[in-house]
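One file, query_8.tsv, is given below (TSV, C-alpha atoms).
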chain	number	residue	atom	x	y	z
U	1	MET	CA	2.02	-60.41	15.49
U	2	LYS	CA	1.79	-59.12	19.06
U	3	THR	CA	5.16	-57.42	18.73
U	4	SER	CA	4.09	-55.55	15.59
U	5	ALA	CA	0.69	-54.68	17.04
U	6	LYS	CA	2.07	-52.95	20.15
U	7	PRO	CA	3.52	-49.87	18.35
U	8	LYS	CA	0.25	-49.42	16.44
U	9	THR	CA	-1.69	-49.37	19.69
U	10	THR	CA	0.75	-46.91	21.23
U	11	PHE	CA	0.61	-44.70	18.13
U	12	ALA	CA	-3.18	-44.77	18.15
U	13	ALA	CA	-3.14	-43.78	21.79
U	14	LEU	CA	-0.83	-40.89	21.01
U	15	LEU	CA	-3.09	-39.75	18.20
U	16	GLY	CA	-6.07	-39.93	20.49
U	17	GLY	CA	-4.25	-37.91	23.12
U	18	ALA	CA	-3.26	-35.31	20.54
U	19	ALA	CA	-6.81	-35.07	19.32
U	20	MET	CA	-8.02	-34.49	22.87
U	21	LEU	CA	-5.44	-31.74	23.34
U	22	LEU	CA	-6.45	-30.07	20.09
U	23	ALA	CA	-10.09	-30.21	21.09
U	24	ALA	CA	-9.29	-28.76	24.50
U	25	ASN	CA	-7.20	-25.92	23.08
U	26	GLY	CA	-9.64	-25.06	20.29
U	27	ALA	CA	-8.43	-22.04	18.33
U	28	SER	CA	-4.87	-22.43	19.61
U	29	ALA	CA	-4.47	-25.34	17.20
U	30	GLN	CA	-5.43	-23.21	14.19
U	31	THR	CA	-2.82	-21.92	11.76
U	32	LEU	CA	-3.28	-18.97	9.43
U	33	THR	CA	-0.99	-18.38	6.45
U	34	VAL	CA	-0.28	-14.72	5.79
U	35	VAL	CA	1.62	-13.48	2.74
U	36	SER	CA	3.39	-10.16	2.23
U	37	PHE	CA	6.28	-8.59	0.30
U	38	GLY	CA	9.21	-9.55	2.51
U	39	GLY	CA	12.13	-7.35	3.51
U	40	SER	CA	12.01	-4.70	6.20
U	41	TYR	CA	8.38	-3.95	5.33
U	42	GLN	CA	7.16	-7.44	6.24
U	43	GLU	CA	9.53	-7.56	9.20
U	44	GLY	CA	7.73	-4.52	10.59
U	45	GLN	CA	4.34	-6.07	9.82
U	46	SER	CA	5.37	-9.23	11.60
U	47	LYS	CA	6.48	-7.45	14.75
U	48	ALA	CA	3.66	-4.90	14.89
U	49	LEU	CA	0.71	-6.80	13.42
U	50	PHE	CA	0.97	-10.47	12.58
U	51	GLN	CA	2.54	-12.03	15.64
U	52	PRO	CA	0.82	-9.83	18.27
U	53	ALA	CA	-2.54	-10.54	16.61
U	54	ALA	CA	-1.78	-14.26	16.57
U	55	LYS	CA	-1.10	-14.15	20.29
U	56	ALA	CA	-4.28	-12.19	20.97
U	57	LEU	CA	-6.39	-14.67	18.97
U	58	GLY	CA	-4.62	-17.76	20.32
U	59	ILE	CA	-3.59	-18.98	16.90
U	60	THR	CA	-0.40	-19.58	14.93
U	61	VAL	CA	0.47	-17.34	12.01
U	62	ARG	CA	2.78	-18.77	9.35
U	63	GLU	CA	4.32	-16.10	7.13
U	64	GLU	CA	5.30	-16.39	3.49
U	65	THR	CA	6.38	-13.87	0.86
U	66	TYR	CA	5.28	-13.26	-2.70
U	67	THR	CA	5.94	-10.89	-5.56
U	68	SER	CA	2.50	-9.56	-6.43
U	69	ILE	CA	-1.17	-10.40	-6.71
U	70	ALA	CA	-0.31	-12.16	-9.98
U	71	ASP	CA	1.10	-15.00	-7.86
U	72	LEU	CA	-2.29	-15.40	-6.20
U	73	ARG	CA	-4.08	-15.33	-9.54
U	74	LEU	CA	-2.22	-18.45	-10.61
U	75	LYS	CA	-3.15	-20.28	-7.41
U	76	VAL	CA	-6.84	-19.39	-7.66
U	77	ARG	CA	-7.02	-20.50	-11.29
U	78	ALA	CA	-5.34	-23.79	-10.40
U	79	ASN	CA	-7.69	-24.25	-7.44
U	80	ALA	CA	-4.60	-24.52	-5.26
U	81	VAL	CA	-5.04	-21.71	-2.75
U	82	THR	CA	-3.07	-22.27	0.45
U	83	TRP	CA	-2.93	-18.65	1.64
U	84	ASP	CA	-5.46	-17.08	4.00
U	85	VAL	CA	-4.45	-13.41	3.97
U	86	VAL	CA	-2.43	-11.47	1.40
U	87	ALA	CA	-0.95	-7.98	1.59
U	88	SER	CA	-1.46	-5.93	-1.56
U	89	GLY	CA	-1.45	-2.49	-3.05
U	90	SER	CA	-4.92	-0.98	-3.07
U	91	GLY	CA	-5.21	-0.81	-6.85
U	92	SER	CA	-4.06	-4.37	-7.39
U	93	ALA	CA	-6.52	-5.63	-4.79
U	94	ALA	CA	-9.40	-3.63	-6.27
U	95	ARG	CA	-8.75	-5.11	-9.70
U	96	ALA	CA	-8.32	-8.61	-8.24
U	97	GLY	CA	-11.62	-8.28	-6.42
U	98	ALA	CA	-13.40	-7.19	-9.58
U	99	GLU	CA	-11.79	-10.16	-11.30
U	100	GLY	CA	-13.25	-12.57	-8.74
U	101	ILE	CA	-10.09	-13.88	-7.08
U	102	LEU	CA	-10.69	-12.33	-3.64
U	103	GLU	CA	-13.35	-12.94	-1.03
U	104	LYS	CA	-15.73	-10.13	-0.20
U	105	LEU	CA	-14.94	-8.76	3.26
U	106	ASP	CA	-17.47	-8.77	6.09
U	107	TYR	CA	-17.56	-5.33	7.69
U	108	LYS	CA	-19.89	-6.57	10.39
U	109	ILE	CA	-16.79	-8.34	11.70
U	110	ILE	CA	-14.10	-5.85	10.59
U	111	ASP	CA	-14.73	-2.49	12.26
U	112	THR	CA	-13.72	0.40	9.99
U	113	LYS	CA	-15.97	3.14	11.35
U	114	ASP	CA	-12.91	5.14	12.43
U	115	PHE	CA	-11.02	4.69	9.15
U	116	LEU	CA	-10.17	7.52	6.81
U	117	PRO	CA	-12.86	7.76	4.10
U	118	ASN	CA	-12.43	5.35	1.18
U	119	PHE	CA	-9.62	3.34	2.81
U	120	ALA	CA	-11.58	0.11	3.02
U	121	GLY	CA	-13.15	-1.54	0.01
U	122	ASP	CA	-15.31	-4.56	-0.74
U	123	TYR	CA	-12.28	-6.82	-1.13
U	124	CYS	CA	-9.48	-5.00	0.68
U	125	VAL	CA	-9.10	-3.33	4.08
U	126	GLY	CA	-6.45	-0.63	4.45
U	127	GLY	CA	-3.38	-1.40	6.55
U	128	ASP	CA	-1.18	1.64	6.06
U	129	VAL	CA	-1.21	4.91	4.15
U	130	PHE	CA	1.53	6.25	1.91
U	131	SER	CA	1.76	9.27	-0.36
U	132	THR	CA	3.02	10.01	-3.83
U	133	VAL	CA	4.70	13.36	-3.24
U	134	LEU	CA	6.74	16.03	-4.98
U	135	ALA	CA	10.35	15.86	-3.77
U	136	TRP	CA	13.33	18.05	-4.55
U	137	ASN	CA	17.10	18.18	-4.20
U	138	THR	CA	17.95	20.58	-1.35
U	139	LYS	CA	21.41	21.15	-2.84
U	140	THR	CA	19.68	22.69	-5.85
U	141	TYR	CA	16.81	24.58	-4.23
U	142	GLY	CA	17.55	24.63	-0.51
U	143	ASN	CA	14.38	24.68	1.57
U	144	ASN	CA	12.57	26.78	-1.03
U	145	GLY	CA	11.80	23.98	-3.41
U	146	PRO	CA	8.63	23.52	-5.49
U	147	GLN	CA	5.48	23.37	-3.40
U	148	SER	CA	2.84	22.46	-5.99
U	149	TRP	CA	2.47	20.59	-9.24
U	150	ALA	CA	2.27	23.96	-11.01
U	151	ASP	CA	5.78	24.60	-9.63
U	152	PHE	CA	6.90	21.18	-10.87
U	153	TRP	CA	5.84	22.21	-14.37
U	154	ASP	CA	7.35	25.70	-14.08
U	155	VAL	CA	10.76	25.21	-15.69
U	156	LYS	CA	11.54	28.94	-15.64
U	157	LYS	CA	11.02	29.46	-11.93
U	158	PHE	CA	12.51	26.05	-11.10
U	159	PRO	CA	15.01	25.10	-13.81
U	160	GLY	CA	16.51	21.65	-13.49
U	161	LYS	CA	16.16	17.99	-14.37
U	162	ARG	CA	12.89	16.24	-13.55
U	163	SER	CA	12.00	12.59	-13.08
U	164	TYR	CA	8.49	11.21	-13.48
U	165	ARG	CA	6.83	7.84	-13.19
U	166	LYS	CA	6.87	5.67	-16.29
U	167	GLY	CA	3.64	3.92	-15.31
U	168	VAL	CA	0.29	5.66	-15.49
U	169	ALA	CA	-0.73	5.10	-11.85
U	170	GLY	CA	-0.49	8.43	-10.06
U	171	ALA	CA	0.80	10.20	-13.18
U	172	LEU	CA	-2.32	11.87	-14.57
U	173	GLU	CA	-3.61	13.51	-11.39
U	174	PRO	CA	-0.57	15.82	-10.85
U	175	ALA	CA	-0.77	16.91	-14.50
U	176	LEU	CA	-4.35	18.08	-14.13
U	177	MET	CA	-3.61	19.90	-10.87
U	178	ALA	CA	-0.68	21.58	-12.64
U	179	ASP	CA	-3.18	22.57	-15.34
U	180	GLY	CA	-5.36	24.33	-12.79
U	181	VAL	CA	-7.91	21.64	-11.92
U	182	PRO	CA	-8.81	21.70	-8.18
U	183	ALA	CA	-7.92	18.47	-6.39
U	184	ASP	CA	-11.56	17.63	-5.65
U	185	LYS	CA	-12.44	17.90	-9.35
U	186	VAL	CA	-9.56	15.81	-10.74
U	187	TYR	CA	-11.43	12.52	-11.14
U	188	GLU	CA	-14.51	14.30	-12.44
U	189	VAL	CA	-12.37	15.81	-15.19
U	190	LEU	CA	-10.55	12.53	-15.86
U	191	SER	CA	-13.91	10.75	-16.21
U	192	ALA	CA	-15.28	13.28	-18.69
U	193	PRO	CA	-14.64	13.02	-22.44
U	194	GLY	CA	-11.18	14.38	-23.21
U	195	GLY	CA	-10.04	14.31	-19.59
U	196	ILE	CA	-7.33	11.69	-20.04
U	197	ASP	CA	-6.10	13.44	-23.19
U	198	ARG	CA	-5.88	16.73	-21.32
U	199	ALA	CA	-3.64	15.18	-18.67
U	200	ILE	CA	-1.48	13.45	-21.30
U	201	LYS	CA	-1.08	16.73	-23.19
U	202	LYS	CA	0.10	18.46	-20.03
U	203	ILE	CA	2.70	15.75	-19.32
U	204	LYS	CA	3.85	16.01	-22.93
U	205	GLU	CA	4.68	19.70	-22.28
U	206	LEU	CA	7.11	18.63	-19.57
U	207	LYS	CA	8.58	15.69	-21.47
U	208	PRO	CA	11.70	17.54	-22.73
U	209	HIS	CA	12.66	18.30	-19.13
U	210	ILE	CA	12.21	14.76	-17.79
U	211	ALA	CA	15.63	13.15	-17.59
U	212	VAL	CA	14.47	9.80	-16.21
U	213	TRP	CA	11.14	7.99	-16.25
U	214	TRP	CA	11.32	5.91	-13.08
U	215	THR	CA	9.84	2.45	-12.73
U	216	SER	CA	10.28	1.51	-9.06
U	217	GLY	CA	10.54	2.95	-5.58
U	218	ALA	CA	14.13	1.78	-5.30
U	219	GLN	CA	15.01	3.59	-8.50
U	220	HIS	CA	13.39	6.92	-7.65
U	221	ALA	CA	15.03	6.89	-4.23
U	222	GLN	CA	18.44	6.17	-5.73
U	223	LEU	CA	18.05	8.96	-8.28
U	224	MET	CA	17.61	11.46	-5.47
U	225	LYS	CA	20.29	9.92	-3.29
U	226	ASP	CA	22.80	10.22	-6.14
U	227	GLY	CA	21.67	13.75	-7.01
U	228	GLU	CA	20.95	12.77	-10.61
U	229	VAL	CA	17.77	14.88	-10.80
U	230	ASP	CA	16.60	18.08	-9.17
U	231	MET	CA	12.98	17.16	-8.56
U	232	ILE	CA	10.91	14.00	-8.77
U	233	THR	CA	7.64	12.31	-7.92
U	234	GLY	CA	7.73	9.33	-5.55
U	235	TRP	CA	6.73	7.67	-2.31
U	236	ASN	CA	7.32	9.53	0.93
U	237	GLY	CA	8.68	6.56	2.88
U	238	ARG	CA	11.41	5.99	0.31
U	239	PHE	CA	12.58	9.59	0.61
U	240	ASP	CA	12.62	9.39	4.40
U	241	VAL	CA	14.86	6.32	4.26
U	242	ILE	CA	17.48	7.97	2.03
U	243	ALA	CA	17.30	11.21	4.03
U	244	LYS	CA	18.42	9.20	7.06
U	245	ASP	CA	21.41	8.09	4.99
U	246	GLY	CA	22.35	11.68	4.25
U	247	ALA	CA	20.56	12.29	0.96
U	248	GLN	CA	19.83	15.94	0.24
U	249	VAL	CA	16.12	15.58	-0.26
U	250	ALA	CA	12.94	17.23	0.97
U	251	TYR	CA	9.32	16.85	-0.04
U	252	THR	CA	5.89	18.34	0.48
U	253	PHE	CA	2.56	16.66	1.19
U	254	ASN	CA	0.80	19.53	-0.59
U	255	GLN	CA	-1.25	18.08	-3.48
U	256	GLY	CA	0.15	14.63	-2.72
U	257	LEU	CA	-1.76	11.50	-3.68
U	258	LEU	CA	-2.93	9.50	-0.70
U	259	ASP	CA	-2.87	5.78	-1.33
U	260	TYR	CA	-2.78	2.68	0.82
U	261	ASP	CA	-1.54	-0.84	1.18
U	262	CYS	CA	-4.17	-3.30	2.28
U	263	PHE	CA	-5.03	-6.85	3.28
U	264	ALA	CA	-7.30	-9.22	1.40
U	265	ILE	CA	-8.55	-12.80	1.63
U	266	PRO	CA	-7.98	-15.03	-1.42
U	267	LYS	CA	-10.96	-16.70	-3.03
U	268	GLY	CA	-11.11	-20.20	-1.60
U	269	ALA	CA	-8.87	-19.43	1.39
U	270	PRO	CA	-8.63	-22.53	3.64
U	271	ASN	CA	-9.48	-20.53	6.78
U	272	ARG	CA	-11.73	-17.77	5.50
U	273	ASP	CA	-13.66	-17.14	8.74
U	274	LEU	CA	-10.53	-17.04	10.87
U	275	ALA	CA	-8.88	-14.75	8.32
U	276	MET	CA	-11.80	-12.34	8.69
U	277	LYS	CA	-11.28	-12.26	12.48
U	278	PHE	CA	-7.57	-11.74	11.94
U	279	LEU	CA	-8.22	-8.73	9.70
U	280	ALA	CA	-10.57	-7.34	12.32
U	281	GLU	CA	-7.83	-7.65	14.92
U	282	ILE	CA	-5.02	-5.97	12.95
U	283	SER	CA	-7.37	-3.15	11.90
U	284	LYS	CA	-7.55	-1.98	15.52
U	285	PRO	CA	-5.80	1.32	16.21
U	286	GLN	CA	-3.18	-0.04	18.61
U	287	TYR	CA	-1.73	-2.34	15.95
U	288	GLN	CA	-1.61	0.37	13.30
U	289	ALA	CA	0.01	2.81	15.73
U	290	GLU	CA	2.70	0.24	16.47
U	291	PHE	CA	3.45	-0.29	12.77
U	292	THR	CA	4.35	3.39	12.30
U	293	LYS	CA	7.49	2.73	14.37
U	294	TYR	CA	8.93	0.70	11.50
U	295	ILE	CA	8.23	2.95	8.50
U	296	THR	CA	6.88	6.47	7.93
U	297	TYR	CA	3.57	5.25	6.58
U	298	GLY	CA	0.46	6.31	8.45
U	299	PRO	CA	-2.44	4.36	9.94
U	300	THR	CA	-5.75	4.08	8.11
U	301	ASN	CA	-7.54	4.03	11.49
U	302	LYS	CA	-7.74	7.63	12.71
U	303	LYS	CA	-8.03	6.47	16.34
U	304	ALA	CA	-4.37	5.40	16.17
U	305	TYR	CA	-3.42	9.06	16.48
U	306	GLU	CA	-5.47	9.43	19.68
U	307	LEU	CA	-3.82	6.66	21.68
U	308	GLY	CA	-0.79	8.71	22.68
U	309	THR	CA	1.62	5.99	21.57
U	310	ILE	CA	2.80	7.84	18.44
U	311	ASP	CA	5.17	10.69	19.27
U	312	ALA	CA	3.41	13.95	18.36
U	313	ALA	CA	6.30	15.31	16.28
U	314	TYR	CA	6.68	12.00	14.46
U	315	ALA	CA	2.93	11.78	13.82
U	316	ARG	CA	3.10	15.04	11.88
U	317	ARG	CA	5.46	13.36	9.41
U	318	LEU	CA	2.96	10.62	8.53
U	319	PRO	CA	0.83	10.84	5.38
U	320	SER	CA	-2.50	10.16	7.09
U	321	HIS	CA	-2.01	12.67	9.91
U	322	PRO	CA	-5.08	14.94	9.69
U	323	ASP	CA	-2.97	17.99	8.82
U	324	ASN	CA	-1.28	16.14	5.95
U	325	ALA	CA	-4.30	14.20	4.72
U	326	ALA	CA	-6.27	17.44	4.36
U	327	ARG	CA	-3.72	18.70	1.80
U	328	GLN	CA	-3.91	15.63	-0.41
U	329	LEU	CA	-6.06	13.84	-2.96
U	330	THR	CA	-7.12	10.27	-2.21
U	331	ILE	CA	-6.58	7.85	-5.10
U	332	ASN	CA	-9.91	6.85	-6.65
U	333	LEU	CA	-9.76	3.08	-7.13
U	334	ASP	CA	-13.11	2.91	-8.95
U	335	TRP	CA	-11.74	5.24	-11.60
U	336	TYR	CA	-8.70	3.02	-12.10
U	337	ILE	CA	-10.78	-0.14	-12.34
U	338	LYS	CA	-12.85	1.42	-15.12
U	339	ASN	CA	-10.24	3.48	-16.95
U	340	GLU	CA	-6.71	2.26	-16.27
U	341	ALA	CA	-6.37	0.15	-19.41
U	342	ALA	CA	-7.30	3.01	-21.74
U	343	ALA	CA	-5.25	5.52	-19.74
U	344	ALA	CA	-2.20	3.26	-19.73
U	345	GLN	CA	-2.35	2.89	-23.51
U	346	ALA	CA	-2.61	6.65	-24.03
U	347	TYR	CA	0.28	7.19	-21.63
U	348	GLU	CA	2.46	4.62	-23.38
U	349	ASN	CA	1.72	6.26	-26.73
U	350	MET	CA	2.90	9.61	-25.33
U	351	LEU	CA	6.10	8.06	-23.97
U	352	THR	CA	7.01	6.47	-27.29
U	353	GLU	CA	6.19	9.43	-29.54

Turn this file's structure into structure tokens for me.
Amino acid sequence: MKTSAKPKTTFAALLGGAAMLLAANGASAQTLTVVSFGGSYQEGQSKALFQPAAKALGITVREETYTSIADLRLKVRANAVTWDVVASGSGSAARAGAEGILEKLDYKIIDTKDFLPNFAGDYCVGGDVFSTVLAWNTKTYGNNGPQSWADFWDVKKFPGKRSYRKGVAGALEPALMADGVPADKVYEVLSAPGGIDRAIKKIKELKPHIAVWWTSGAQHAQLMKDGEVDMITGWNGRFDVIAKDGAQVAYTFNQGLLDYDCFAIPKGAPNRDLAMKFLAEISKPQYQAEFTKYITYGPTNKKAYELGTIDAAYARRLPSHPDNAARQLTINLDWYIKNEAAAAQAYENMLTE
């Protein structure tokens, strides 16, 4: 009996010692689970945001990957949430928040006073800014490509194959601007009776000239890299990547759609309070400035441009640079929450006619 009791005593002593160490170190014993989309995007987040913030807060950050907010929805419904922070697209997070599967953020803790307007919501704080832009094949048009959505629709001045997004997100706004609606009136028109139909009708005009309806960033980038179309809508960062590989592509921020990726806290997160502090930390301008080194997406915190750590010439290539942001329309998430279902159905009907 004595022989078997000795290891138990030793083990208990070890546990006691560990407990004392944990108590002494406090926050250093805490672990936060952060989830993003993997690949080079998350690698950049890890190096610029997650691990430096963990060090600053004296905690451990464990990273996982997921496909979309739908993965979180399953966990919340099963009451099996193990994640503390999730990266998301702004629209997905807005809908998830309205659905009740995200925690409301505390902006007494998270400082967003220097953020671009409308880039922090009740359930999602902006992490980086990207743009849906008009891009063209420089082999076809040289440097004198289309500069507005009216040009995109002008098949006489700019003959050639087009490609347009198959999903409704970011598809209706360009159509209305091409139809003469000022950028600052687009959502007002879309919200009025007949507004969605007006946009759909305008896209229908262009339908015979659309060679490919793209469904992903990888696809729209490849279309331009292969020279399969002459002009296209898409995400600026994707075009910058293929341009580095020699693709003959250029784009304009004029009348682009400013959108953002963001961070949210799942409903029932194990470490909600710590997650809130973590979001406050990575929302600081120095973190966002550092992230721009990994992809040509801009910071949501305007102060990031004032630190002097982003090369001035490079900064002018980022979507949220003041000169570029001023030329664009910010996506209205409230409109999408209220109207996306009806708009998506109308859009699908147009595609299948």

Close residues, segment 315-319 of chain U itself excluded, 7 Å, all atoms listed in the file, min 2 positions apart in chain, as JSON, numbers by chain: {"U": [129, 130, 131, 296, 297, 298, 310, 311, 312, 313, 321, 324, 325]}

Let's have the selection written as an mmCIF file, in the frame of the given file, with C-alpha atoms.
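Result went into out_4.cif, see below:
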data_model
loop_
_atom_site.group_PDB
_atom_site.id
_atom_site.type_symbol
_atom_site.label_atom_id
_atom_site.label_comp_id
_atom_site.auth_asym_id
_atom_site.auth_seq_id
_atom_site.Cartn_x
_atom_site.Cartn_y
_atom_site.Cartn_z
ATOM 1 C CA VAL U 129 -1.210 4.910 4.150
ATOM 2 C CA PHE U 130 1.530 6.250 1.910
ATOM 3 C CA SER U 131 1.760 9.270 -0.360
ATOM 4 C CA THR U 296 6.880 6.470 7.930
ATOM 5 C CA TYR U 297 3.570 5.250 6.580
ATOM 6 C CA GLY U 298 0.460 6.310 8.450
ATOM 7 C CA ILE U 310 2.800 7.840 18.440
ATOM 8 C CA ASP U 311 5.170 10.690 19.270
ATOM 9 C CA ALA U 312 3.410 13.950 18.360
ATOM 10 C CA ALA U 313 6.300 15.310 16.280
ATOM 11 C CA HIS U 321 -2.010 12.670 9.910
ATOM 12 C CA ASN U 324 -1.280 16.140 5.950
ATOM 13 C CA ALA U 325 -4.300 14.200 4.720
#

I need every residue sitting at most 6 Å from the point (-1.5, -8.8, 15.7) (coordinates as in the file, all atoms listed in the file considered), written as a VMD selection string. chain U and resid 49 to 54 282

If we count all atoms listed in the file and set the cut-off at 12 Å, which residues sit around Leu258 of chain U, ignoring sequence neighbours fewer than 5 positions away in its own chain? Please answer as number ranges by chain. U: 90, 116-119, 126, 128-133, 170, 173, 183, 234-236, 253, 297-300, 318-322, 324-333

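The neighbours of Arg162 of chain U here are the residues that come within 7 Å of it, using all atoms listed in the file and leaving out any residue fewer than 5 positions away in the same chain; they are His209, Ile210, Ala211, Val229, Asp230, Met231 and Ile232 of chain U.
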
Give me the residues within 12 Å of Pro174 of chain U as a PyMOL selection string, counting all atoms listed in the file and dropping any in the same chain fewer than 5 places off. chain U and resi 132-134+148-153+164-165+168-169+179-183+186-187+190+198-200+202-203+206+232-234+254-257+328-329+331

Calculated over all atoms listed in the file, which of the candidates U:Ala280, U:Val155, U:Ile242, U:Leu74 has the smallest distance to Lys207 of chain U?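 Answer, going by the shortest atom-to-atom distance: U:Val155.
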
Counting all atoms listed in the file, which residues sit no farther than 10 Å from the position (9.5, -1.7, 4.0) in the file's frame? I'd like them as a PyMOL selection string. chain U and resi 37-45+237-238+241+294-297

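Counting only C-alpha atoms, the residue from U:Pro146, U:Gly89, U:Gly194, U:Gly246 that sits nearest to Leu176 of chain U is U:Gly194.
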
Which of these, U:Thr33, U:Pro193, U:Ala98, U:Tyr314, has the shortest distance to Trp83 of chain U once you count all atoms listed in the file? U:Thr33

Which residues come within 8 Å of Ser88 of chain U, counting only C-alpha atoms, excluding same-chain residues fewer than 5 positions away, as a PyMOL selection string? chain U and resi 36+68-69+93+261-264

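Among the candidates U:Ala221, U:Val61, U:Ala56, U:Val35, the one nearest to Val81 of chain U when counting only C-alpha atoms is U:Val35.
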
Determine the nearest neighbour of Gln147 of chain U from the options U:Thr215, U:Ser92, U:Thr252, U:Thr292, counting all atoms listed in the file.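 Selected residue with least distance to Gln147 of chain U: U:Thr252.
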